[in-house]
$ cat final_0.cif   # mmCIF, C-alpha atoms
data_my_file
loop_
_atom_site.label_atom_id
_atom_site.label_comp_id
_atom_site.auth_asym_id
_atom_site.auth_seq_id
_atom_site.Cartn_x
_atom_site.Cartn_y
_atom_site.Cartn_z
CA MET A 1 0.00 0.00 0.00
CA LYS A 2 1.27 3.46 -0.87
CA THR A 3 1.43 6.23 1.74
CA PHE A 4 -1.50 8.66 1.59
CA TYR A 5 -1.04 12.25 0.53
CA TYR A 6 -3.17 14.39 -1.68
CA SER A 7 -2.41 17.39 -3.82
CA VAL A 8 -5.50 18.74 -5.54
CA SER A 9 -4.99 18.29 -9.27
CA SER A 10 -6.87 19.48 -12.28
CA ILE A 11 -9.24 17.03 -13.90
CA VAL A 12 -10.73 17.88 -17.27
CA LEU A 13 -13.62 15.66 -18.25
CA MET A 14 -15.12 15.34 -21.69
CA LEU A 15 -17.81 13.18 -23.17
CA LEU A 16 -16.32 12.09 -26.43
CA SER A 17 -17.49 10.78 -29.77
CA PHE A 18 -16.31 8.61 -32.67
CA VAL A 19 -14.05 9.27 -35.60
CA SER A 20 -11.39 7.14 -37.27
CA PHE A 21 -7.84 8.06 -36.18
CA THR A 22 -5.78 9.81 -38.82
CA SER A 23 -2.06 10.49 -38.91
CA ASN A 24 -2.53 14.26 -39.07
CA ALA A 25 -4.93 14.47 -36.09
CA GLN A 26 -3.86 16.93 -33.41
CA ILE A 27 -4.75 14.57 -30.54
CA GLN A 28 -2.63 11.43 -30.21
CA ILE A 29 -4.14 8.45 -28.36
CA ASN A 30 -2.48 5.67 -26.34
CA SER A 31 -5.04 3.04 -25.29
CA GLY A 32 -4.93 0.30 -22.63
CA VAL A 33 -2.74 2.17 -20.13
CA ASP A 34 -2.58 0.65 -16.64
CA PRO A 35 -5.19 2.25 -14.31
CA GLU A 36 -2.54 3.15 -11.72
CA GLU A 37 -0.64 5.10 -14.36
CA LEU A 38 -3.82 7.00 -15.13
CA VAL A 39 -4.20 7.99 -11.49
CA GLU A 40 -0.55 9.05 -11.38
CA MET A 41 -1.19 11.37 -14.32
CA ILE A 42 -4.34 12.76 -12.70
CA LEU A 43 -2.71 13.42 -9.33
CA SER A 44 0.78 14.37 -10.66
CA PRO A 45 3.89 12.20 -10.21
CA ASP A 46 4.75 13.18 -6.62
CA VAL A 47 1.33 12.39 -5.12
CA PRO A 48 0.97 8.85 -3.62
CA TYR A 49 -2.40 7.13 -4.04
CA ASP A 50 -4.24 3.97 -2.98
CA ASN A 51 -7.15 1.64 -3.74
CA VAL A 52 -7.35 2.25 -7.51
CA GLN A 53 -10.25 0.46 -9.20
CA TYR A 54 -11.23 0.47 -12.86
CA ASN A 55 -14.26 -1.09 -14.55
CA GLY A 56 -14.71 -0.88 -18.29
CA ALA A 57 -13.22 -1.99 -21.61
CA ASP A 58 -9.45 -1.87 -22.03
CA ILE A 59 -9.83 0.14 -25.24
CA ALA A 60 -11.93 2.66 -23.31
CA ARG A 61 -9.04 3.92 -21.16
CA GLY A 62 -5.68 5.49 -21.90
CA THR A 63 -3.78 8.74 -22.31
CA PHE A 64 -3.80 11.54 -24.85
CA MET A 65 -1.47 14.28 -26.06
CA GLU A 66 -2.51 17.36 -27.99
CA SER A 67 -0.28 19.52 -30.17
CA ASP A 68 -2.42 22.63 -29.58
CA SER A 69 -2.98 22.97 -25.85
CA THR A 70 -4.77 26.31 -26.30
CA TYR A 71 -7.89 24.48 -27.46
CA LEU A 72 -8.39 22.25 -24.44
CA GLY A 73 -6.19 24.17 -22.02
CA PHE A 74 -4.14 21.01 -21.48
CA SER A 75 -1.49 19.33 -23.61
CA SER A 76 -1.89 15.83 -22.18
CA GLY A 77 -4.03 13.75 -19.86
CA VAL A 78 -6.17 10.67 -19.40
CA PHE A 79 -9.25 9.46 -21.25
CA LEU A 80 -12.11 7.14 -20.30
CA THR A 81 -14.83 6.43 -22.84
CA SER A 82 -17.90 4.26 -23.28
CA GLY A 83 -16.45 3.28 -26.64
CA ALA A 84 -12.83 3.29 -27.82
CA GLY A 85 -9.99 5.79 -27.53
CA TYR A 86 -9.19 5.82 -31.22
CA ILE A 87 -12.47 7.58 -31.96
CA ILE A 88 -11.49 10.74 -30.06
CA PRO A 89 -9.51 12.83 -32.61
CA GLY A 90 -11.28 15.34 -34.83
CA PRO A 91 -12.46 16.78 -37.09
CA ASN A 92 -16.16 16.61 -36.28
CA SER A 93 -17.06 14.48 -39.32
CA TYR A 94 -20.02 12.48 -38.00
CA CYS A 95 -23.28 13.47 -36.33
CA SER A 96 -23.86 10.25 -34.39
CA ALA A 97 -20.78 8.07 -34.16
CA GLY A 98 -19.80 5.43 -31.64
CA THR A 99 -18.90 1.85 -30.82
CA ASN A 100 -20.46 -0.96 -28.78
CA ASN A 101 -18.30 -2.66 -26.14
CA GLY A 102 -21.11 -4.96 -24.99
CA LEU A 103 -20.60 -4.08 -21.32
CA PRO A 104 -23.04 -3.16 -18.55
CA GLY A 105 -23.70 0.34 -17.27
CA ASP A 106 -23.57 1.87 -13.81
CA ASP A 107 -26.45 1.86 -11.29
CA ILE A 108 -25.92 5.43 -10.06
CA LEU A 109 -25.71 6.78 -13.61
CA ALA A 110 -28.86 4.83 -14.52
CA MET A 111 -30.76 6.58 -11.71
CA MET A 112 -29.47 9.95 -12.88
CA ALA A 113 -30.39 9.27 -16.53
CA GLY A 114 -33.74 7.68 -15.71
CA THR A 115 -33.00 4.81 -18.09
CA THR A 116 -30.71 1.82 -18.52
CA THR A 117 -27.02 2.61 -19.06
CA TYR A 118 -24.39 0.66 -21.00
CA ASP A 119 -20.63 0.46 -21.58
CA ALA A 120 -19.70 2.26 -18.36
CA ALA A 121 -16.12 3.37 -17.76
CA VAL A 122 -15.49 3.94 -14.05
CA LEU A 123 -12.27 5.00 -12.29
CA GLN A 124 -12.13 5.16 -8.48
CA PHE A 125 -9.40 6.00 -5.98
CA ASP A 126 -8.84 7.22 -2.40
CA PHE A 127 -6.99 10.28 -1.14
CA ILE A 128 -6.26 12.29 1.99
CA ALA A 129 -7.31 15.93 1.60
CA GLN A 130 -4.56 18.43 2.37
CA THR A 131 -6.58 21.57 1.65
CA ASP A 132 -10.13 22.56 2.55
CA THR A 133 -11.39 22.34 -1.05
CA PHE A 134 -11.45 19.53 -3.60
CA ARG A 135 -11.75 21.06 -7.05
CA LEU A 136 -12.11 19.52 -10.51
CA ASN A 137 -12.04 21.27 -13.88
CA TYR A 138 -13.90 19.53 -16.65
CA ILE A 139 -15.45 19.74 -20.09
CA PHE A 140 -18.45 17.58 -20.91
CA GLY A 141 -19.46 16.86 -24.50
CA SER A 142 -21.33 14.18 -26.44
CA GLU A 143 -22.26 12.71 -29.81
CA GLU A 144 -25.83 12.73 -28.50
CA TYR A 145 -25.74 16.50 -29.11
CA ASN A 146 -27.65 18.04 -30.86
CA GLU A 147 -30.02 15.56 -32.50
CA TYR A 148 -31.02 13.84 -29.26
CA VAL A 149 -31.52 16.83 -26.96
CA GLY A 150 -34.77 16.27 -25.08
CA SER A 151 -34.83 12.51 -25.71
CA THR A 152 -34.25 9.51 -23.42
CA PHE A 153 -30.75 9.18 -24.88
CA ASN A 154 -29.54 11.53 -22.19
CA ASP A 155 -25.92 10.54 -21.55
CA VAL A 156 -24.67 11.64 -18.15
CA PHE A 157 -21.56 11.39 -16.02
CA ALA A 158 -20.80 11.88 -12.37
CA ILE A 159 -17.98 12.88 -10.04
CA LEU A 160 -18.93 11.30 -6.75
CA ILE A 161 -17.23 12.02 -3.43
CA THR A 162 -17.54 10.12 -0.16
CA GLY A 163 -16.06 11.35 3.12
CA PRO A 164 -16.48 13.81 6.01
CA ASN A 165 -18.60 16.92 5.43
CA PRO A 166 -17.02 19.99 7.11
CA LEU A 167 -20.52 21.11 8.13
CA GLY A 168 -21.17 17.81 9.91
CA GLY A 169 -22.04 14.28 8.92
CA ALA A 170 -20.58 12.81 5.77
CA TYR A 171 -20.84 12.95 1.99
CA SER A 172 -22.11 9.68 0.57
CA SER A 173 -21.51 9.49 -3.19
CA LEU A 174 -22.27 13.21 -3.50
CA ASN A 175 -22.20 14.26 -7.15
CA ILE A 176 -20.25 17.50 -7.51
CA ALA A 177 -20.64 17.65 -11.30
CA THR A 178 -23.79 19.75 -11.13
CA ILE A 179 -25.00 23.01 -12.65
CA PRO A 180 -23.58 25.99 -10.69
CA GLY A 181 -26.31 27.27 -8.40
CA TYR A 182 -28.34 24.08 -8.89
CA PRO A 183 -26.67 21.51 -6.59
CA ILE A 184 -29.12 18.70 -7.40
CA VAL A 185 -29.15 19.16 -11.19
CA PRO A 186 -26.43 17.00 -12.81
CA VAL A 187 -24.54 18.05 -15.90
CA ALA A 188 -26.20 16.11 -18.73
CA ILE A 189 -27.25 16.58 -22.34
CA ASN A 190 -30.82 17.49 -21.43
CA ASN A 191 -29.62 19.87 -18.70
CA VAL A 192 -26.95 21.79 -20.66
CA ASN A 193 -27.73 22.62 -24.30
CA ASN A 194 -29.00 25.26 -26.70
CA GLY A 195 -31.93 23.26 -27.98
CA TRP A 196 -32.44 20.57 -30.58
CA ALA A 197 -31.02 20.75 -34.10
CA VAL A 198 -30.66 18.37 -37.03
CA CYS A 199 -27.29 16.95 -38.01
CA GLY A 200 -24.79 19.60 -39.08
CA VAL A 201 -26.92 22.58 -37.99
CA ILE A 202 -25.91 24.84 -35.11
CA PRO A 203 -28.75 24.99 -32.57
CA THR A 204 -30.38 28.34 -31.81
CA GLY A 205 -32.40 27.54 -28.69
CA PRO A 206 -34.30 27.31 -26.50
CA CYS A 207 -31.46 27.66 -24.01
CA THR A 208 -31.08 25.26 -21.10
CA HIS A 209 -28.13 26.49 -19.03
CA CYS A 210 -26.52 27.30 -22.40
CA GLU A 211 -24.07 29.68 -20.74
CA TYR A 212 -22.09 26.46 -20.14
CA PHE A 213 -22.60 25.09 -23.66
CA THR A 214 -20.34 25.34 -26.72
CA ASP A 215 -21.36 23.91 -30.08
CA ASN A 216 -18.69 21.98 -31.98
CA THR A 217 -20.43 21.51 -35.34
CA ASN A 218 -17.68 21.15 -37.98
CA GLY A 219 -15.01 21.61 -35.28
CA GLU A 220 -11.45 20.56 -36.18
CA HIS A 221 -9.94 19.26 -32.94
CA LEU A 222 -12.40 16.66 -31.64
CA GLU A 223 -15.23 14.59 -33.05
CA TYR A 224 -17.87 15.22 -30.40
CA ASP A 225 -20.65 17.57 -31.45
CA ALA A 226 -20.70 19.90 -28.42
CA PHE A 227 -19.22 20.34 -24.98
CA THR A 228 -19.55 22.29 -21.74
CA THR A 229 -17.05 23.98 -19.44
CA LEU A 230 -17.59 23.97 -15.68
CA LEU A 231 -15.64 24.12 -12.43
CA PRO A 232 -17.11 21.99 -9.64
CA ALA A 233 -15.78 22.24 -6.10
CA VAL A 234 -16.65 20.81 -2.72
CA ASN A 235 -15.47 21.69 0.78
CA VAL A 236 -13.50 18.96 2.53
CA VAL A 237 -11.68 18.43 5.83
CA PRO A 238 -7.88 18.55 5.56
CA ASN A 239 -6.06 15.36 6.58
CA GLU A 240 -9.22 13.25 6.29
CA ALA A 241 -9.75 10.33 3.90
CA TYR A 242 -12.04 10.64 0.85
CA HIS A 243 -13.08 8.38 -2.01
CA ILE A 244 -13.65 9.64 -5.55
CA LYS A 245 -15.59 7.82 -8.26
CA ILE A 246 -15.57 9.21 -11.80
CA ALA A 247 -18.05 7.45 -14.10
CA ILE A 248 -19.50 7.80 -17.59
CA ALA A 249 -21.84 5.54 -19.61
CA ASP A 250 -24.13 5.44 -22.63
CA ALA A 251 -27.80 5.99 -21.77
CA GLY A 252 -30.61 4.17 -23.58
CA ASP A 253 -28.39 2.20 -25.98
CA HIS A 254 -24.80 1.09 -26.69
CA ILE A 255 -24.48 2.94 -29.95
CA PHE A 256 -23.17 6.49 -29.60
CA ASP A 257 -19.99 6.94 -27.58
CA SER A 258 -19.49 8.87 -24.39
CA GLY A 259 -16.23 9.36 -22.56
CA LEU A 260 -14.02 11.46 -20.32
CA LEU A 261 -10.79 13.38 -20.87
CA LEU A 262 -8.95 14.04 -17.63
CA GLY A 263 -6.36 16.74 -18.12
CA GLY A 264 -3.08 17.66 -16.51
CA THR A 265 -2.47 19.78 -13.42
CA CYS A 266 -4.10 23.23 -13.45
CA PHE A 267 -1.61 25.41 -11.56
CA PRO A 268 -2.95 28.69 -10.08
CA ASP A 269 0.15 30.63 -11.15
CA PHE A 270 0.97 33.70 -13.17
CA GLN A 271 3.31 32.73 -16.00
CA SER A 272 4.00 36.36 -16.93
CA PHE A 273 2.76 39.78 -15.79
CA SER A 274 3.46 43.13 -17.44
CA PHE A 275 2.27 46.63 -18.29
CA LEU A 276 2.39 47.24 -22.05
CA MET A 277 2.63 50.62 -23.77
CA GLU A 278 -0.23 49.74 -26.12
CA ASN A 279 -2.60 49.49 -23.14
CA ASN A 280 -0.98 52.18 -20.99
CA PRO A 281 -0.27 55.45 -22.87
CA GLN A 282 1.42 56.92 -19.79
CA LEU A 283 4.33 54.47 -20.25
CA THR A 284 7.35 55.08 -22.47
CA GLU A 285 8.35 51.40 -22.50
CA ASP A 286 6.87 47.99 -21.74
CA ILE A 287 7.31 46.99 -18.09
CA THR A 288 7.81 43.27 -17.36
CA GLY A 289 7.28 41.97 -13.84
CA THR A 290 9.55 39.69 -11.84
CA ILE A 291 7.59 36.64 -10.61
CA SER A 292 8.66 34.74 -7.50
CA GLU A 293 6.96 32.84 -4.66
CA GLY A 294 3.50 34.27 -5.12
CA THR A 295 4.57 37.83 -5.77
CA VAL A 296 4.98 40.01 -8.85
CA LEU A 297 7.28 43.04 -8.63
CA LEU A 298 7.17 45.68 -11.37
CA SER A 299 9.37 48.77 -11.47
CA VAL A 300 8.03 51.80 -13.34
CA PRO A 301 9.84 55.11 -14.05
CA LEU A 302 9.57 57.99 -11.63
CA GLY A 303 6.48 60.10 -12.34
CA THR A 304 4.41 57.26 -13.80
CA ASP A 305 0.70 57.48 -12.98
CA VAL A 306 0.06 54.09 -11.36
CA THR A 307 -3.56 54.82 -10.46
CA ASN A 308 -4.92 53.59 -13.78
CA LEU A 309 -2.84 50.73 -15.20
CA VAL A 310 -3.94 47.84 -17.40
CA ALA A 311 -2.16 44.55 -16.70
CA THR A 312 -1.25 41.95 -19.31
CA PHE A 313 -0.76 38.48 -17.87
CA ASP A 314 -0.47 34.85 -18.89
CA LYS A 315 -1.84 31.89 -16.93
CA MET A 316 -3.19 28.45 -17.71
CA LEU A 317 -6.53 28.55 -19.52
CA CYS A 318 -8.08 26.44 -16.79
CA THR A 319 -7.16 29.05 -14.15
CA LYS A 320 -9.32 32.08 -13.36
CA ALA A 321 -8.07 35.31 -11.74
CA TYR A 322 -10.08 37.39 -9.28
CA ILE A 323 -9.66 40.53 -7.21
CA ASP A 324 -12.11 40.10 -4.37
CA THR A 325 -15.06 38.53 -6.23
CA VAL A 326 -14.51 40.29 -9.57
CA GLN A 327 -12.97 38.16 -12.31
CA GLN A 328 -9.95 39.75 -13.99
CA PHE A 329 -8.95 39.46 -17.63
CA SER A 330 -5.66 40.23 -19.32
CA ASP A 331 -5.52 43.50 -21.29
CA SER A 332 -8.85 44.75 -19.96
CA SER A 333 -9.02 45.74 -16.28
CA HIS A 334 -8.02 49.30 -15.26
CA LEU A 335 -6.62 49.13 -11.71
CA ASP A 336 -4.98 51.38 -9.13
CA PHE A 337 -1.56 49.96 -8.19
CA THR A 338 -0.68 52.70 -5.68
CA GLU A 339 -0.85 49.99 -3.00
CA PRO A 340 -0.11 46.27 -3.54
CA VAL A 341 -2.94 44.51 -5.38
CA ILE A 342 -3.99 41.01 -4.34
CA TYR A 343 -5.05 38.57 -7.07
CA SER A 344 -6.69 35.27 -6.20
CA LEU A 345 -5.97 32.60 -8.81
CA VAL A 346 -8.36 29.67 -8.86
CA GLY A 347 -7.29 26.48 -10.59
CA THR A 348 -6.85 23.03 -9.15
CA SER A 349 -6.31 24.83 -5.86
CA ASP A 350 -6.42 28.50 -4.84
CA LYS A 351 -3.41 30.82 -4.51
CA GLU A 352 -3.08 34.49 -3.67
CA TRP A 353 -0.63 36.66 -5.62
CA THR A 354 0.62 40.08 -4.46
CA VAL A 355 1.41 42.55 -7.25
CA VAL A 356 3.69 45.36 -6.11
CA VAL A 357 4.52 48.36 -8.32
CA ASP A 358 7.81 50.03 -7.41
CA ILE A 359 8.58 53.60 -8.50
CA LEU A 360 11.95 52.94 -10.09
CA THR A 361 14.18 55.75 -8.86
CA SER A 362 17.43 53.99 -9.66
CA ILE A 363 17.05 55.01 -13.32
CA GLU A 364 16.53 58.72 -12.78
CA SER A 365 18.33 59.20 -9.45
CA GLN A 366 20.89 57.40 -7.35
CA VAL A 367 19.09 57.92 -4.02
CA PHE A 368 19.04 54.24 -3.11
CA SER A 369 21.70 52.87 -5.44
CA ASP A 370 24.18 52.15 -2.62
CA VAL A 371 21.64 51.00 -0.03
CA LYS A 372 22.17 47.45 1.19
CA ILE A 373 19.70 45.36 3.24
CA TYR A 374 21.28 42.29 4.82
CA PRO A 375 21.24 39.49 5.75
CA ASN A 376 18.41 38.27 3.52
CA PRO A 377 16.84 35.92 4.56
CA ALA A 378 17.08 36.84 8.24
CA SER A 379 15.50 35.66 11.49
CA ASP A 380 16.39 38.36 14.05
CA GLU A 381 17.04 41.64 12.24
CA PHE A 382 17.66 43.30 8.90
CA ARG A 383 20.58 45.73 8.74
CA ILE A 384 20.36 48.71 6.41
CA SER A 385 23.52 50.51 5.34
CA ASN A 386 24.28 53.61 3.22
CA LEU A 387 20.96 55.24 4.08
CA SER A 388 20.03 58.40 6.01
CA LYS A 389 16.92 60.47 6.68
CA CYS A 390 14.55 57.94 5.24
CA SER A 391 11.04 56.63 5.82
CA ILE A 392 10.83 52.82 5.99
CA LYS A 393 7.71 50.68 5.79
CA ILE A 394 7.63 46.91 6.05
CA ARG A 395 4.68 45.35 4.28
CA ASN A 396 3.53 41.74 4.52
CA SER A 397 2.75 39.54 1.53
CA LEU A 398 -0.76 41.00 1.32
CA GLY A 399 0.56 44.57 1.18
CA ALA A 400 -0.45 45.58 4.72
CA VAL A 401 2.04 47.79 6.63
CA VAL A 402 3.30 45.86 9.68
CA LYS A 403 6.12 48.23 10.70
CA HIS A 404 6.81 51.93 10.02
CA TYR A 405 10.06 53.77 10.87
CA TRP A 406 11.81 57.07 10.36
CA ILE A 407 15.58 56.76 10.54
CA ALA A 408 18.29 59.39 10.59
CA GLU A 409 21.08 57.03 9.56
CA GLN A 410 21.82 53.37 8.87
CA THR A 411 20.04 51.14 11.32
CA GLU A 412 18.91 47.66 12.32
CA LEU A 413 15.28 46.56 12.01
CA THR A 414 14.19 44.03 14.61
CA ILE A 415 11.96 41.33 13.10
CA THR A 416 11.66 38.75 15.86
CA ASP A 417 7.95 39.56 16.14
CA LEU A 418 7.26 38.83 12.46
CA ALA A 419 6.03 35.46 11.31
CA PRO A 420 8.23 33.59 8.80
CA GLY A 421 7.46 34.50 5.21
CA PHE A 422 8.29 37.12 2.59
CA TYR A 423 7.89 40.88 3.14
CA PHE A 424 8.57 44.13 1.29
CA ILE A 425 10.75 46.90 2.68
CA GLU A 426 9.62 50.20 1.17
CA LEU A 427 12.19 53.00 1.24
CA GLY A 428 11.02 56.61 0.88
CA LYS A 429 13.15 59.76 0.62
CA ASP A 430 12.69 63.18 -1.01
CA GLY A 431 9.67 61.96 -2.95
CA TYR A 432 11.44 58.83 -4.22
CA LEU A 433 10.27 55.31 -3.44
CA GLU A 434 11.90 51.95 -3.85
CA THR A 435 10.76 48.48 -2.75
CA ARG A 436 13.01 45.59 -1.77
CA LYS A 437 11.78 42.05 -1.21
CA VAL A 438 13.03 40.29 1.93
CA VAL A 439 12.41 36.97 3.64
CA VAL A 440 11.92 36.32 7.35
CA LYS A 441 12.93 32.77 8.24
#

$ encode --input "final_0.cif" --output "structure tokens"
Amino acid sequence: MKTFYYSVSSIVLMLLSFVSFTSNAQIQINSGVDPEELVEMILSPDVPYDNVQYNGADIARGTFMESDSTYLGFSSGVFLTSGAGYIIPGPNSYCSAGTNNGLPGDDILAMMAGTTTYDAAVLQFDFIAQTDTFRLNYIFGSEEYNEYVGSTFNDVFAILITGPNPLGGAYSSLNIATIPGYPIVPVAINNVNNGWAVCGVIPTGPCTHCEYFTDNTNGEHLEYDAFTTLLPAVNVVPNEAYHIKIAIADAGDHIFDSGLLLGGTCFPDFQSFSFLMENNPQLTEDITGTISEGTVLLSVPLGTDVTNLVATFDKMLCTKAYIDTVQQFSDSSHLDFTEPVIYSLVGTSDKEWTVVVDILTSIESQVFSDVKIYPNPASDEFRISNLSKCSIKIRNSLGAVVKHYWIAEQTELTITDLAPGFYFIELGKDGYLETRKVVVK
């Protein structure tokens, strides 16, 4: 038995359809991969796991790689289907394609669909939660779209969790793949669509939760006719054991395939962060930020108006950025960076990023060019040399001022009362400001 740990990982789920594999397809398929290897890909290589169970056809499980990760948001991952892996690659050439594995369905999915299910593919495993939230990203699509919307051929899938409920009691096969705001309505063809349409025609309504629906008629990357994008999450108790069951099956018949793509890790990280001249006319050059340990530090020339800056940033497509509860988008949001700005990035897990804008005086003056702050990291005190008649603020990682000094000459700053972590020392003199990042150990 492997030791239990859990690191929340991104899982992208897709109901898939049928098309013959071609050598020029963007998605490459490897079928029949060992179930434990699938779990290792889902959880990432350094996360131990236990009690892996798989039920379904061998040709219905495996891994995939995609040459264009911008389409799915992931370049590789795991697939489970109610048919065969080789049917996954696009283009969308068929309206109702699939294969029959001659296998039974799943009882829970049958109750959800209200009809008999077939050719189920089910992957289960246990984990110990290390955060207070278990989060899964997924996309759900189907060859049952769009011709069978409203019929009994209502393919469904489920992400079921069992374990302690932080509010008391326990989850017992709780399905977290539900419509946001509708906790008892599962994601399914009849619950997420933009109405019925004949083969090859883009549907025009009526809308049923169509804000989560994307039509794929004549799409190039995958065969399935449509898909959804959602982000389910459930509160958990850290250091407690949970069981996850991910299941998909055909509903009503064996004919048209369904399946799941489970993607790679969705890291809540900024990959780049900058202020570009094209979005910020007050700048005379593009400003690129330095990214490290959950912080972004940008230095702008003296005199720059930082009260109305537009940020350009890169992150994984599966990650969303928020300030408070307002979602942020690259090249669009006008923000005041006079004080540090806190971004919350939501992906597989959540992470807060502090963006600090430093007025770069070292270019136009030499006020702080000789100033040294040492040792760094430190545990007892920071020593500051070559500095006189200066205001000093120490800010924590969230930008809050935790210490404020006025010094006449070089000095020592006692930090024994500060918790370990990273901080910013803000130097101010004669209208000039400069920020230095330090670490308390």

$ atom_distance --input "final_0.cif" --atom1 "CA of Leu103 in chain A" --atom2 "CA of Glu36 in chain A"
21.7 Å

$ closest_atom_pairs --input "final_0.cif" --of "range 204-249 of chain A" --to "range 253-274 of chain A" --cutoff "12 Å" --atoms "only C-alpha atoms" --output "JSON lines"
{"residue": "A:Leu222", "atom": "CA", "partner": "A:Leu261", "partner_atom": "CA", "distance": 11.4}
{"residue": "A:Glu223", "atom": "CA", "partner": "A:Asp257", "partner_atom": "CA", "distance": 10.5}
{"residue": "A:Tyr224", "atom": "CA", "partner": "A:Ser258", "partner_atom": "CA", "distance": 8.9}
{"residue": "A:Asp225", "atom": "CA", "partner": "A:Ser258", "partner_atom": "CA", "distance": 11.3}
{"residue": "A:Ala226", "atom": "CA", "partner": "A:Ser258", "partner_atom": "CA", "distance": 11.8}
{"residue": "A:Phe227", "atom": "CA", "partner": "A:Leu260", "partner_atom": "CA", "distance": 11.3}
{"residue": "A:Leu231", "atom": "CA", "partner": "A:Cys266", "partner_atom": "CA", "distance": 11.6}
{"residue": "A:Ile246", "atom": "CA", "partner": "A:Leu260", "partner_atom": "CA", "distance": 8.9}
{"residue": "A:Ala247", "atom": "CA", "partner": "A:Leu260", "partner_atom": "CA", "distance": 8.4}
{"residue": "A:Ile248", "atom": "CA", "partner": "A:Gly259", "partner_atom": "CA", "distance": 6.2}
{"residue": "A:Ala249", "atom": "CA", "partner": "A:Ser258", "partner_atom": "CA", "distance": 6.3}

$ closest_residue --input "final_0.cif" --among "A:Asn218, A:Thr116, A:Thr99, A:Asn235" --to "Ile161 in chain A" --atoms "only C-alpha atoms"
A:Asn235

$ resolve_selection --input "final_0.cif" --expression "the PyMOL selection byres ((chain A and resi 57) around 9)" --output "list in words"
Gly32, Asn55, Gly56, Asp58, Ile59, Ala60, Arg61, Thr81, Ser82, Gly83, Ala84, Asn101, Leu103, Asp119, Ala120 and Ala121 of chain A

$ closest_residue --input "final_0.cif" --among "A:Asp336, A:Glu434, A:Glu144, A:Asp350" --to "Ser391 in chain A" --atoms "all atoms listed in the file"
A:Glu434

$ residues_around --input "final_0.cif" --residues "Pro375 in chain A" --least-positions-apart "4" --cutoff "10 Å" --atoms "all atoms listed in the file" --output "list in words"
Ser379, Asp380, Glu381, Phe382, Arg383, Ile384, Val438, Val439 and Val440 of chain A

$ residues_around --input "final_0.cif" --residues "Asp305 in chain A" --least-positions-apart "4" --cutoff "9 Å" --atoms "all atoms listed in the file" --output "PyMOL selection string"
chain A and resi 282-283+309+338

$ residues_around --input "final_0.cif" --residues "range 208-214 of chain A" --least-positions-apart "4" --cutoff "10 Å" --atoms "all atoms listed in the file" --output "PyMOL selection string"
chain A and resi 139-141+179-180+187+189-195+225-230

$ resolve_selection --input "final_0.cif" --expression "the PyMOL selection byres ((chain A and resi 288) around 10)" --output "count of residues only"
18

$ resolve_selection --input "final_0.cif" --expression "the PyMOL selection byres ((chain A and resi 403-409) around 8)" --output "list of chain:residue names"
A:Asn386, A:Leu387, A:Ser388, A:Lys389, A:Cys390, A:Ser391, A:Ile392, A:Lys393, A:Ile394, A:Arg395, A:Val401, A:Val402, A:Gln410, A:Thr411

$ atom_distance --input "final_0.cif" --atom1 "CA of Tyr94 in chain A" --atom2 "CA of Tyr145 in chain A"
11.3 Å

$ atom_distance --input "final_0.cif" --atom1 "CA of Gly85 in chain A" --atom2 "CA of Asp34 in chain A"
14.1 Å

$ residues_around --input "final_0.cif" --residues "Asn308 in chain A" --least-positions-apart "2" --cutoff "6 Å" --atoms "all atoms listed in the file" --output "list in words"
Val306, His334, Leu335 and Asp336 of chain A

$ residues_near_point --input "final_0.cif" --point "(10.8, 48.6, 0.2)" --cutoff "6 Å" --atoms "only C-alpha atoms" --output "list in words"
Phe424, Ile425, Glu426, Leu427, Glu434, Thr435 and Arg436 of chain A

$ closest_residue --input "final_0.cif" --among "A:Phe134, A:Gly169, A:Val78, A:Lys245" --to "Gln53 in chain A" --atoms "only C-alpha atoms"
A:Lys245

$ closest_residue --input "final_0.cif" --among "A:Asn51, A:Asn175, A:Thr325, A:Asn396" --to "Ile108 in chain A" --atoms "all atoms listed in the file"
A:Asn175

$ residues_near_point --input "final_0.cif" --point "(-13.6, 3.4, -5.4)" --cutoff "12 Å" --atoms "all atoms listed in the file" --output "PyMOL selection string"
chain A and resi 49-55+122-127+159-163+173+242-247

$ write_last_selection --input "final_0.cif" --atoms "C-alpha atoms" --output "compact mmCIF listing (two decimals), in the coordinates of the input"
# COMPACT_ATOMS: atom_id res chain seq x y z
CA TYR A 49 -2.40 7.13 -4.04
CA ASP A 50 -4.24 3.97 -2.98
CA ASN A 51 -7.15 1.64 -3.74
CA VAL A 52 -7.35 2.25 -7.51
CA GLN A 53 -10.25 0.46 -9.20
CA TYR A 54 -11.23 0.47 -12.86
CA ASN A 55 -14.26 -1.09 -14.55
CA VAL A 122 -15.49 3.94 -14.05
CA LEU A 123 -12.27 5.00 -12.29
CA GLN A 124 -12.13 5.16 -8.48
CA PHE A 125 -9.40 6.00 -5.98
CA ASP A 126 -8.84 7.22 -2.40
CA PHE A 127 -6.99 10.28 -1.14
CA ILE A 159 -17.98 12.88 -10.04
CA LEU A 160 -18.93 11.30 -6.75
CA ILE A 161 -17.23 12.02 -3.43
CA THR A 162 -17.54 10.12 -0.16
CA GLY A 163 -16.06 11.35 3.12
CA SER A 173 -21.51 9.49 -3.19
CA TYR A 242 -12.04 10.64 0.85
CA HIS A 243 -13.08 8.38 -2.01
CA ILE A 244 -13.65 9.64 -5.55
CA LYS A 245 -15.59 7.82 -8.26
CA ILE A 246 -15.57 9.21 -11.80
CA ALA A 247 -18.05 7.45 -14.10

$ residues_around --input "final_0.cif" --residues "Ala129 in chain A" --least-positions-apart "5" --cutoff "7 Å" --atoms "only C-alpha atoms" --output "NGL selection string"
:A and (6 or 236-241)
